[in-house]
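Have a look at protein.cif; it's mmCIF, C-alpha atoms:
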data_structure
loop_
_atom_site.label_atom_id
_atom_site.label_comp_id
_atom_site.auth_asym_id
_atom_site.auth_seq_id
_atom_site.Cartn_x
_atom_site.Cartn_y
_atom_site.Cartn_z
CA MET A 1 22.36 6.37 43.31
CA LYS A 2 21.76 2.67 43.30
CA SER A 3 20.40 2.71 39.76
CA VAL A 4 23.52 4.39 38.41
CA LEU A 5 26.04 2.28 40.21
CA THR A 6 24.46 -1.12 39.83
CA ASP A 7 25.00 -2.82 36.52
CA ASP A 8 22.37 -4.75 34.64
CA ALA A 9 23.74 -8.19 35.53
CA THR A 10 23.50 -7.42 39.25
CA LEU A 11 20.03 -5.96 38.92
CA VAL A 12 18.86 -9.03 36.99
CA SER A 13 20.41 -11.29 39.60
CA ASN A 14 18.74 -9.33 42.43
CA TYR A 15 15.41 -9.46 40.63
CA ILE A 16 15.63 -13.22 40.17
CA GLN A 17 16.21 -13.48 43.90
CA GLY A 18 13.03 -11.54 44.58
CA ASP A 19 14.00 -7.87 44.60
CA GLU A 20 11.13 -6.28 42.66
CA ASP A 21 12.72 -2.83 42.80
CA SER A 22 15.52 -4.08 40.56
CA LEU A 23 13.05 -4.58 37.74
CA SER A 24 11.77 -1.06 38.27
CA ILE A 25 15.32 0.25 37.95
CA LEU A 26 15.98 -1.83 34.84
CA ILE A 27 12.80 -0.58 33.16
CA LYS A 28 13.54 3.01 34.10
CA LYS A 29 17.04 2.65 32.74
CA HIS A 30 16.17 1.12 29.38
CA LYS A 31 12.54 2.03 28.69
CA GLN A 32 13.34 4.91 26.37
CA ARG A 33 15.63 2.91 24.11
CA ILE A 34 13.36 -0.11 23.98
CA TYR A 35 10.20 1.90 23.44
CA SER A 36 11.81 4.11 20.79
CA PHE A 37 13.11 1.03 19.01
CA ILE A 38 9.61 -0.46 18.93
CA TYR A 39 8.06 2.83 17.81
CA SER A 40 10.63 3.19 15.02
CA LYS A 41 9.31 -0.08 13.61
CA VAL A 42 5.56 0.15 14.11
CA TYR A 43 4.99 3.95 14.04
CA ASP A 44 1.97 3.70 16.31
CA ARG A 45 1.94 4.75 19.93
CA ASP A 46 -0.73 2.30 21.06
CA ILE A 47 0.86 -0.69 19.33
CA SER A 48 4.23 0.38 20.75
CA GLU A 49 2.74 0.35 24.24
CA ASP A 50 1.36 -3.16 23.66
CA VAL A 51 4.62 -4.51 22.28
CA PHE A 52 6.60 -2.85 25.09
CA GLN A 53 4.28 -4.43 27.66
CA ASP A 54 4.45 -7.87 26.01
CA THR A 55 8.24 -7.60 25.84
CA PHE A 56 8.53 -7.11 29.58
CA ILE A 57 5.93 -9.78 30.34
CA LYS A 58 8.17 -12.17 28.43
CA VAL A 59 11.24 -10.84 30.25
CA ILE A 60 9.55 -11.28 33.64
CA LYS A 61 8.38 -14.81 32.85
CA THR A 62 11.78 -15.89 31.59
CA LEU A 63 13.58 -14.42 34.57
CA LYS A 64 11.14 -15.81 37.13
CA LYS A 65 11.17 -19.23 35.54
CA GLY A 66 14.95 -19.19 35.93
CA ARG A 67 15.53 -19.67 32.23
CA TYR A 68 17.68 -16.58 31.72
CA ASN A 69 21.34 -17.17 31.25
CA GLU A 70 23.64 -14.25 31.54
CA GLU A 71 25.59 -15.04 28.38
CA GLY A 72 24.80 -11.81 26.65
CA LYS A 73 23.92 -8.44 27.98
CA PHE A 74 20.47 -7.72 29.34
CA LEU A 75 19.58 -4.88 26.95
CA PRO A 76 20.45 -6.70 23.69
CA TRP A 77 18.42 -9.65 24.95
CA VAL A 78 15.36 -7.46 25.66
CA MET A 79 15.80 -5.71 22.31
CA ARG A 80 15.80 -9.10 20.60
CA ILE A 81 12.54 -10.03 22.35
CA ALA A 82 11.03 -6.68 21.31
CA HIS A 83 12.23 -7.22 17.75
CA ASN A 84 10.64 -10.69 17.61
CA LEU A 85 7.37 -9.34 19.00
CA VAL A 86 7.34 -6.58 16.39
CA ILE A 87 7.73 -9.26 13.71
CA ASP A 88 4.93 -11.26 15.35
CA HIS A 89 2.76 -8.16 15.27
CA PHE A 90 3.28 -7.67 11.53
CA ARG A 91 2.77 -11.38 10.85
CA ARG A 92 -0.46 -11.33 12.80
CA ASN A 93 -1.70 -8.35 10.86
CA ASN A 94 -0.35 -9.84 7.67
CA ARG A 95 1.12 -6.63 6.49
CA MET A 96 4.24 -4.59 6.48
CA PRO A 97 4.53 -1.08 7.95
CA LYS A 98 2.22 1.18 6.03
CA PHE A 99 2.02 4.88 5.51
CA ASP A 100 -1.04 5.92 7.49
CA ASN A 101 -1.60 9.10 5.45
CA SER A 102 -2.93 10.91 8.49
CA GLY A 103 -0.77 14.02 8.34
CA GLU A 104 -1.08 17.09 6.14
CA PHE A 105 1.04 15.48 3.48
CA SER A 106 -0.82 13.06 1.29
CA ILE A 107 1.19 10.31 -0.34
CA PHE A 108 -1.39 10.19 -3.12
CA SER A 109 -0.45 13.69 -4.22
CA VAL A 110 2.90 12.27 -5.28
CA LEU A 111 1.92 8.77 -6.30
CA SER A 112 -0.68 8.39 -8.96
CA ASP A 113 -1.99 5.52 -10.97
CA ASN A 114 -1.62 6.53 -14.57
CA SER A 115 -3.14 3.38 -15.96
CA LEU A 116 -6.67 3.77 -17.21
CA ASN A 117 -9.55 2.15 -15.50
CA ALA A 118 -12.17 0.25 -17.53
CA GLU A 119 -14.42 3.29 -18.01
CA LYS A 120 -11.61 5.60 -19.09
CA GLN A 121 -10.30 2.95 -21.47
CA MET A 122 -13.74 2.68 -23.11
CA VAL A 123 -13.97 6.47 -23.45
CA ARG A 124 -10.52 6.59 -25.00
CA ASP A 125 -11.39 3.81 -27.46
CA GLN A 126 -14.52 5.72 -28.46
CA VAL A 127 -12.54 8.94 -28.93
CA ASN A 128 -10.05 7.10 -31.15
CA VAL A 129 -12.85 5.68 -33.30
CA ASP A 130 -14.42 9.16 -33.66
CA ILE A 131 -11.11 10.76 -34.62
CA LYS A 132 -10.57 8.09 -37.29
CA ARG A 133 -14.00 8.82 -38.73
CA VAL A 134 -13.29 12.57 -38.78
CA ILE A 135 -9.97 11.98 -40.54
CA GLU A 136 -11.67 9.76 -43.13
CA GLU A 137 -13.97 12.69 -43.98
CA LEU A 138 -10.99 14.80 -45.11
CA PRO A 139 -10.00 15.25 -48.74
CA GLU A 140 -7.31 12.76 -49.78
CA ASP A 141 -4.39 15.26 -49.99
CA GLN A 142 -5.10 16.71 -46.53
CA LYS A 143 -5.61 13.28 -45.04
CA GLU A 144 -2.27 12.13 -46.42
CA VAL A 145 -0.36 15.07 -44.93
CA LEU A 146 -2.09 14.79 -41.57
CA LYS A 147 -1.39 11.08 -41.24
CA MET A 148 2.27 11.55 -42.15
CA ARG A 149 2.67 14.42 -39.71
CA VAL A 150 0.73 13.06 -36.73
CA TYR A 151 0.97 9.29 -36.95
CA GLN A 152 4.28 8.85 -38.76
CA GLU A 153 5.83 11.91 -37.07
CA MET A 154 7.43 13.07 -40.29
CA SER A 155 8.74 16.62 -40.69
CA PHE A 156 7.13 18.90 -43.25
CA LYS A 157 10.34 18.69 -45.28
CA GLU A 158 10.02 14.89 -45.44
CA ILE A 159 6.31 15.16 -46.22
CA SER A 160 7.02 17.58 -49.07
CA GLU A 161 9.65 15.20 -50.48
CA ARG A 162 7.38 12.18 -50.19
CA THR A 163 4.30 13.86 -51.69
CA GLY A 164 6.19 15.88 -54.30
CA VAL A 165 4.78 19.25 -53.21
CA SER A 166 6.45 22.28 -51.64
CA ILE A 167 6.79 22.64 -47.89
CA ASN A 168 4.35 25.56 -47.93
CA THR A 169 1.75 23.44 -49.71
CA ALA A 170 2.21 20.65 -47.15
CA LEU A 171 1.83 23.21 -44.34
CA GLY A 172 -1.28 24.61 -45.99
CA ARG A 173 -2.81 21.14 -46.37
CA MET A 174 -2.13 20.42 -42.73
CA ARG A 175 -3.74 23.72 -41.74
CA TYR A 176 -6.82 23.02 -43.83
CA ALA A 177 -6.97 19.47 -42.51
CA LEU A 178 -7.16 20.81 -38.94
CA ILE A 179 -9.72 23.49 -39.87
CA ASN A 180 -11.90 20.92 -41.62
CA MET A 181 -11.64 18.49 -38.73
CA ARG A 182 -12.73 21.19 -36.28
CA LYS A 183 -15.67 22.01 -38.49
CA THR A 184 -16.73 18.36 -38.64
CA ILE A 185 -16.37 17.98 -34.88
CA GLU A 186 -18.46 21.12 -34.20
CA LYS A 187 -21.06 20.15 -36.76
CA ASN A 188 -21.57 16.76 -35.19
CA ASN A 189 -21.27 17.96 -31.58
CA MET A 190 -18.54 15.44 -30.97
CA ILE A 191 -16.74 15.42 -27.63
CA LEU A 192 -13.23 14.18 -28.06
CA THR A 193 -11.85 14.50 -24.57
CA ASN A 194 -11.10 11.71 -22.18
CA MET B 1 17.01 19.20 -8.11
CA ALA B 2 14.20 16.83 -7.25
CA LYS B 3 11.94 17.90 -4.45
CA ILE B 4 11.71 15.62 -1.49
CA TYR B 5 8.14 15.46 -0.41
CA SER B 6 8.45 13.07 2.47
CA LYS B 7 8.72 14.61 5.88
CA PRO B 8 12.03 13.65 7.45
CA SER B 9 11.46 11.94 10.75
CA SER B 10 13.26 13.96 13.32
CA VAL B 11 15.64 12.24 15.66
CA ASN B 12 13.69 13.53 18.64
CA GLU B 13 10.46 12.14 17.28
CA THR B 14 11.57 8.52 17.35
CA ASN B 15 14.45 8.48 19.81
CA ASN B 16 13.06 10.30 22.82
CA LEU B 17 9.87 8.40 23.35
CA ASN B 18 8.85 6.81 26.57
CA PRO B 19 6.09 4.37 27.38
CA LYS B 20 3.15 5.62 29.42
CA GLU B 21 3.38 5.48 33.18
CA GLU B 22 0.37 3.14 33.23
CA THR B 23 2.21 0.66 31.01
CA VAL B 24 5.25 0.64 33.27
CA GLY B 25 2.97 0.43 36.30
CA PHE B 26 1.16 -2.54 34.83
CA ILE B 27 4.43 -4.34 34.14
CA LEU B 28 5.65 -3.80 37.70
CA ALA B 29 2.31 -4.89 39.14
CA TYR B 30 2.33 -7.96 36.91
CA SER B 31 5.83 -8.77 38.07
CA ARG B 32 4.71 -8.61 41.72
CA ALA B 33 1.62 -10.69 41.03
CA ILE B 34 3.12 -13.55 39.06
CA LYS B 35 4.71 -16.49 40.83
CA PHE B 36 6.19 -19.72 39.54
CA CYS B 37 6.13 -22.80 41.71
CA ASN B 38 8.01 -25.94 40.98
CA TYR B 39 6.46 -29.23 41.93
CA LYS B 40 8.53 -32.25 40.99
CA LYS B 41 9.12 -31.75 37.26
CA THR B 42 6.18 -29.43 36.67
CA GLN B 43 6.24 -25.67 36.91
CA PHE B 44 3.04 -23.88 37.91
CA GLU B 45 2.28 -20.27 37.12
CA THR B 46 0.05 -18.33 39.50
CA ILE B 47 -1.18 -14.78 39.27
CA LEU B 48 -2.55 -12.98 42.30
CA ASN B 49 -5.63 -10.94 41.68
#
Now that the file is in, can you turn its structure into structure tokens?
Amino acid sequence: MKSVLTDDATLVSNYIQGDEDSLSILIKKHKQRIYSFIYSKVYDRDISEDVFQDTFIKVIKTLKKGRYNEEGKFLPWVMRIAHNLVIDHFRRNNRMPKFDNSGEFSIFSVLSDNSLNAEKQMVRDQVNVDIKRVIEELPEDQKEVLKMRVYQEMSFKEISERTGVSINTALGRMRYALINMRKTIEKNNMILTN
Amino acid sequence: MAKIYSKPSSVNETNNLNPKEETVGFILAYSRAIKFCNYKKTQFETILN
């Protein structure tokens, strides 16, 4: 019952005077909170063990050197030491907590890099050049409709007004433009995918 | 409704953890082994093997 009845200040005082069992009681009393606090920061059991151990080595040294002053409470003081050691750990490793990606869930299934790498960019540039060449092969009226529809994003109504033909004629030119482009692509065995 | 893909860390997972017995044992052994001696203005640290 000693561990329940004796408060931290008394235990610390007893420990300073040489009662080693007091430290055992203090550790038993607070180990879960301190260890969980460390683990919540570093998310690694082995590192948590190391930081927990270093925390108490610091506590022991400070107490035995007689440099501890009972201004604050024991637990907040130990937590502060643990917190500083966690910061030291991250400084030493020059990184912040990282997602270790070890579980079933992969962070990369959610995060993706949509920017093109050098190779993909080159392929895309080549595809664009090929498409331009295919378009240039089209008859002038089809080419005009296709460019207005695809690149200028005009509606067929606007295209018909601009070109002075009916909507059906504009639709027909677009249709033939696509058919002719497909023919050219097949004829030349062009691959226009990235 | 956006799906939340991250696994919520359960309270038990981070709040009910304890250090290994060996770690606690080491700390207690270290505490018994370390001594500080004062000589004039200098403090000496000794560890028993």
Where does the PyMOL selection byres ((chain B) within 7 of (chain A)) land in this file, that is, which residues does it pick, as a list in words?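 When the PyMOL selection byres ((chain B) within 7 of (chain A)) is applied, the selected residues are Thr14, Asn15, Asn16, Leu17, Asn18, Pro19, Thr23, Ile27, Leu28, Ser31, Arg32 and Phe36 of chain B.
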For atom CA of Val134 of chain A and atom CA of Met148 of chain A, the interatomic separation in Å (one decimal):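 About the pair atom CA of Val134 of chain A and atom CA of Met148 of chain A: they are 16.0 Å apart.
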Surrounding residues of Cys37 of chain B excluding itself and chain neighbours under 4 positions, 12 Å, all atoms listed in the file, as a ChimeraX atom specification: /A:64-66 /B:41-47
Calculate how many Å separate atom CA of Gly164 of chain A from atom CA of Gln152 of chain A, rounding to one decimal.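 According to the coordinates, atom CA of Gly164 of chain A and atom CA of Gln152 of chain A are separated by 17.2 Å.
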In Å, how far is it from atom CA of Asn93 of chain A to atom CA of Val78 of chain A?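 Separation between atom CA of Asn93 of chain A and atom CA of Val78 of chain A: 22.6 Å.
Minimum atom-to-atom distance to Ser155 of chain A, evaluated using only C-alpha atoms, belongs to A:Met174 out of A:Glu71, A:Asn117, A:Val42, A:Met174.
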For Ile135 of chain A, which residue among A:Leu116, A:Val165, A:Ile179, A:Met122 is the nearest when counting all atoms listed in the file? A:Ile179
Using the chain letters and numbering of this document, enumerate as a ChimeraX atom specification the residues selected by the PyMOL selection byres ((chain A and resi 176) around 12). /A:135,138-143,145-146,169-175,177-183
With only C-alpha atoms as the basis for distance, which of A:Lys58, A:Asn84, A:Arg162, A:Glu70 is at the shortest distance from Tyr30 of chain B? A:Lys58
Show me, as a ChimeraX atom specification, the residues that have an atom within 7 Å of Val127 of chain A when counting all atoms listed in the file, minus same-chain residues fewer than 4 positions from it. /A:123,131,192
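Distances here use only C-alpha atoms; by that measure, the residue among A:Met154, A:Leu63, A:Ile47, A:Leu75 closest to Gln17 of chain A is A:Leu63.
This file gives the following result for the PyMOL selection byres ((chain A and resi 73) around 12): Asp7, Asp8, Ala9, Thr10, Leu11, Val12, Tyr68, Asn69, Glu70, Glu71, Gly72, Phe74, Leu75, Pro76, Trp77, Val78, Met79 and Arg80 of chain A.
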Which residue gives the smallest distance to Ile191 of chain A among A:Lys157, A:Arg124, A:Arg67, A:Arg92, with only C-alpha atoms counted? A:Arg124
